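These notes are about the structure you will find just below.
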Amino acid sequence: QVQLVESGGGLVQAGGSLRLSCAASGRTFSSRIMGWFRQAPGKEREFVAAINWSGGSGYYADSVKGRFTVSRDNAKNTVSLQMNSLTPEDTAVYYCAADQVAYRYGLPALYEWSYWGQGTQVTVSS
């Protein structure tokens with residue numbers, strides 16, 4: 001089992017930055033791909049970024065590429081999302097997620113993200 005708790009959300013002006021963190025419990029954290037998703041009001045949950053279990057590879061949605069950076073610290077069981085150059089379109093609840101299997105190569109399908117945090121609100125004002 002993996003339990004996830006996000007933090008770091010808040011209100012920021014357009015052009016600003018925020019750093020989200022996700023603290024994970026469970027001994028298998030370091031073997032799982034970790035991801036960030038977001039859901040804006042009235043929209044479906046969408047993929048934002050992910051990082052492989054070693055931290056060597058990051059994956060990004062086109063909408064955030066070049067602005068967001070995902071990282072992890074396996075010694076501390078944390079994964080982070082640095083968000084720069086924020087726009088109002090980035091406003092959403094952001095969720096941390098963990099892959100259901102260990103040592104996967106490539107991104108999981110949506111249904112394979114088995115563990116989710118409670119979400120943290122990010123609001124970007126214009």
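Labels used: A, B, ... for chains in the order of the structure tokens, numbers from 1 for residues in each chain, and numbers from 1 for ligands as shown.
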key: Residues of chain A in strand (DSSP E or B), written as a PyMOL selection string   = chain A and resi 3-7+10-13+18-25+34-39+46-51+58-60+68-73+78-83+92-99+113-116+120-125
request  = For segment 44-49 of chain A, list every protein, DNA or RNA residue within 12 Å, evaluated using only C-alpha atoms, and leave out those in the same chain fewer than 6 positions away; present the list as a ChimeraX atom specification.
outcome  = /A:33-38,57-71,79-83,90,92-98,107-110,113,119
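In terms of minimum interatomic distance to Ser31 of chain A, A:Gly55 ranks closest within A:Gly55, A:Gly8, A:Pro88, A:Gly16, counting only C-alpha atoms.
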query = Rounded to one decimal in Å, what is the spacing between atom CA of Ala14 of chain A and atom CA of Ser85 of chain A?
reply = 7.0 Å
task = Enumerate the residues of chain A with a DSSP assignment of helix (DSSP H, G or I), computed from the backbone, and present them as a PyMOL selection string.
result = chain A and resi 29-31+88-90+110-112
Now that the selection is made, can you save its residues with all heavy atoms as a PDB file, in the first residue's frame?
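Result file follows (out-v9.pdb):
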ATOM      1  N   PHE A  29       7.894   2.837  -2.374  1.00  0.00           N
ATOM      2  CA  PHE A  29       7.840   4.115  -3.089  1.00  0.00           C
ATOM      3  C   PHE A  29       8.930   4.191  -4.150  1.00  0.00           C
ATOM      4  O   PHE A  29       8.667   4.590  -5.290  1.00  0.00           O
ATOM      5  CB  PHE A  29       7.996   5.264  -2.089  1.00  0.00           C
ATOM      6  CG  PHE A  29       8.227   6.597  -2.743  1.00  0.00           C
ATOM      7  CD1 PHE A  29       7.148   7.336  -3.214  1.00  0.00           C
ATOM      8  CD2 PHE A  29       9.499   7.124  -2.886  1.00  0.00           C
ATOM      9  CE1 PHE A  29       7.342   8.571  -3.824  1.00  0.00           C
ATOM     10  CE2 PHE A  29       9.707   8.352  -3.494  1.00  0.00           C
ATOM     11  CZ  PHE A  29       8.625   9.074  -3.957  1.00  0.00           C
ATOM     12  N   SER A  30      10.138   3.844  -3.793  1.00  0.00           N
ATOM     13  CA  SER A  30      11.271   4.050  -4.690  1.00  0.00           C
ATOM     14  C   SER A  30      11.231   3.173  -5.931  1.00  0.00           C
ATOM     15  O   SER A  30      12.010   3.391  -6.857  1.00  0.00           O
ATOM     16  CB  SER A  30      12.583   3.806  -3.932  1.00  0.00           C
ATOM     17  OG  SER A  30      12.657   2.476  -3.477  1.00  0.00           O
ATOM     18  N   SER A  31      10.337   2.217  -5.993  1.00  0.00           N
ATOM     19  CA  SER A  31      10.254   1.324  -7.140  1.00  0.00           C
ATOM     20  C   SER A  31       9.112   1.693  -8.090  1.00  0.00           C
ATOM     21  O   SER A  31       8.921   1.024  -9.106  1.00  0.00           O
ATOM     22  CB  SER A  31      10.055  -0.116  -6.670  1.00  0.00           C
ATOM     23  OG  SER A  31       8.810  -0.271  -6.021  1.00  0.00           O
ATOM     24  N   PRO A  88      -3.487  31.422 -15.726  1.00  0.00           N
ATOM     25  CA  PRO A  88      -4.807  31.054 -15.173  1.00  0.00           C
ATOM     26  C   PRO A  88      -5.282  29.677 -15.648  1.00  0.00           C
ATOM     27  O   PRO A  88      -6.052  29.021 -14.938  1.00  0.00           O
ATOM     28  CB  PRO A  88      -5.711  32.171 -15.690  1.00  0.00           C
ATOM     29  CG  PRO A  88      -4.798  33.351 -15.802  1.00  0.00           C
ATOM     30  CD  PRO A  88      -3.494  32.785 -16.272  1.00  0.00           C
ATOM     31  N   GLU A  89      -4.817  29.238 -16.810  1.00  0.00           N
ATOM     32  CA  GLU A  89      -5.207  27.917 -17.315  1.00  0.00           C
ATOM     33  C   GLU A  89      -4.615  26.781 -16.489  1.00  0.00           C
ATOM     34  O   GLU A  89      -5.028  25.625 -16.636  1.00  0.00           O
ATOM     35  CB  GLU A  89      -4.770  27.767 -18.775  1.00  0.00           C
ATOM     36  CG  GLU A  89      -5.589  28.590 -19.776  1.00  0.00           C
ATOM     37  CD  GLU A  89      -5.364  30.091 -19.651  1.00  0.00           C
ATOM     38  OE1 GLU A  89      -4.203  30.486 -19.375  1.00  0.00           O
ATOM     39  OE2 GLU A  89      -6.339  30.853 -19.806  1.00  0.00           O
ATOM     40  N   ASP A  90      -3.669  27.084 -15.632  1.00  0.00           N
ATOM     41  CA  ASP A  90      -3.102  26.066 -14.739  1.00  0.00           C
ATOM     42  C   ASP A  90      -3.922  25.888 -13.460  1.00  0.00           C
ATOM     43  O   ASP A  90      -3.621  25.008 -12.649  1.00  0.00           O
ATOM     44  CB  ASP A  90      -1.664  26.438 -14.364  1.00  0.00           C
ATOM     45  CG  ASP A  90      -0.726  26.431 -15.556  1.00  0.00           C
ATOM     46  OD1 ASP A  90      -0.779  25.481 -16.354  1.00  0.00           O
ATOM     47  OD2 ASP A  90       0.067  27.389 -15.683  1.00  0.00           O
ATOM     48  N   LEU A 110      -3.991   5.218 -17.678  1.00  0.00           N
ATOM     49  CA  LEU A 110      -4.687   5.951 -16.622  1.00  0.00           C
ATOM     50  C   LEU A 110      -5.200   5.012 -15.536  1.00  0.00           C
ATOM     51  O   LEU A 110      -5.101   5.309 -14.349  1.00  0.00           O
ATOM     52  CB  LEU A 110      -5.839   6.755 -17.217  1.00  0.00           C
ATOM     53  CG  LEU A 110      -6.614   7.629 -16.228  1.00  0.00           C
ATOM     54  CD1 LEU A 110      -5.687   8.640 -15.546  1.00  0.00           C
ATOM     55  CD2 LEU A 110      -7.752   8.361 -16.940  1.00  0.00           C
ATOM     56  N   TYR A 111      -5.747   3.861 -15.924  1.00  0.00           N
ATOM     57  CA  TYR A 111      -6.325   2.950 -14.936  1.00  0.00           C
ATOM     58  C   TYR A 111      -5.264   2.256 -14.096  1.00  0.00           C
ATOM     59  O   TYR A 111      -5.583   1.618 -13.088  1.00  0.00           O
ATOM     60  CB  TYR A 111      -7.199   1.894 -15.622  1.00  0.00           C
ATOM     61  CG  TYR A 111      -6.433   0.851 -16.397  1.00  0.00           C
ATOM     62  CD1 TYR A 111      -6.022  -0.338 -15.795  1.00  0.00           C
ATOM     63  CD2 TYR A 111      -6.135   1.040 -17.743  1.00  0.00           C
ATOM     64  CE1 TYR A 111      -5.324  -1.296 -16.508  1.00  0.00           C
ATOM     65  CE2 TYR A 111      -5.436   0.091 -18.461  1.00  0.00           C
ATOM     66  CZ  TYR A 111      -5.020  -1.071 -17.848  1.00  0.00           C
ATOM     67  OH  TYR A 111      -4.331  -2.012 -18.551  1.00  0.00           O
ATOM     68  N   GLU A 112      -3.997   2.400 -14.459  1.00  0.00           N
ATOM     69  CA  GLU A 112      -2.924   1.738 -13.738  1.00  0.00           C
ATOM     70  C   GLU A 112      -2.316   2.607 -12.645  1.00  0.00           C
ATOM     71  O   GLU A 112      -1.418   2.186 -11.937  1.00  0.00           O
ATOM     72  CB  GLU A 112      -1.850   1.268 -14.711  1.00  0.00           C
ATOM     73  CG  GLU A 112      -2.336   0.171 -15.652  1.00  0.00           C
ATOM     74  CD  GLU A 112      -1.307  -0.222 -16.687  1.00  0.00           C
ATOM     75  OE1 GLU A 112      -0.727   0.699 -17.319  1.00  0.00           O
ATOM     76  OE2 GLU A 112      -1.079  -1.425 -16.862  1.00  0.00           O
TER      77      GLU A 112
END
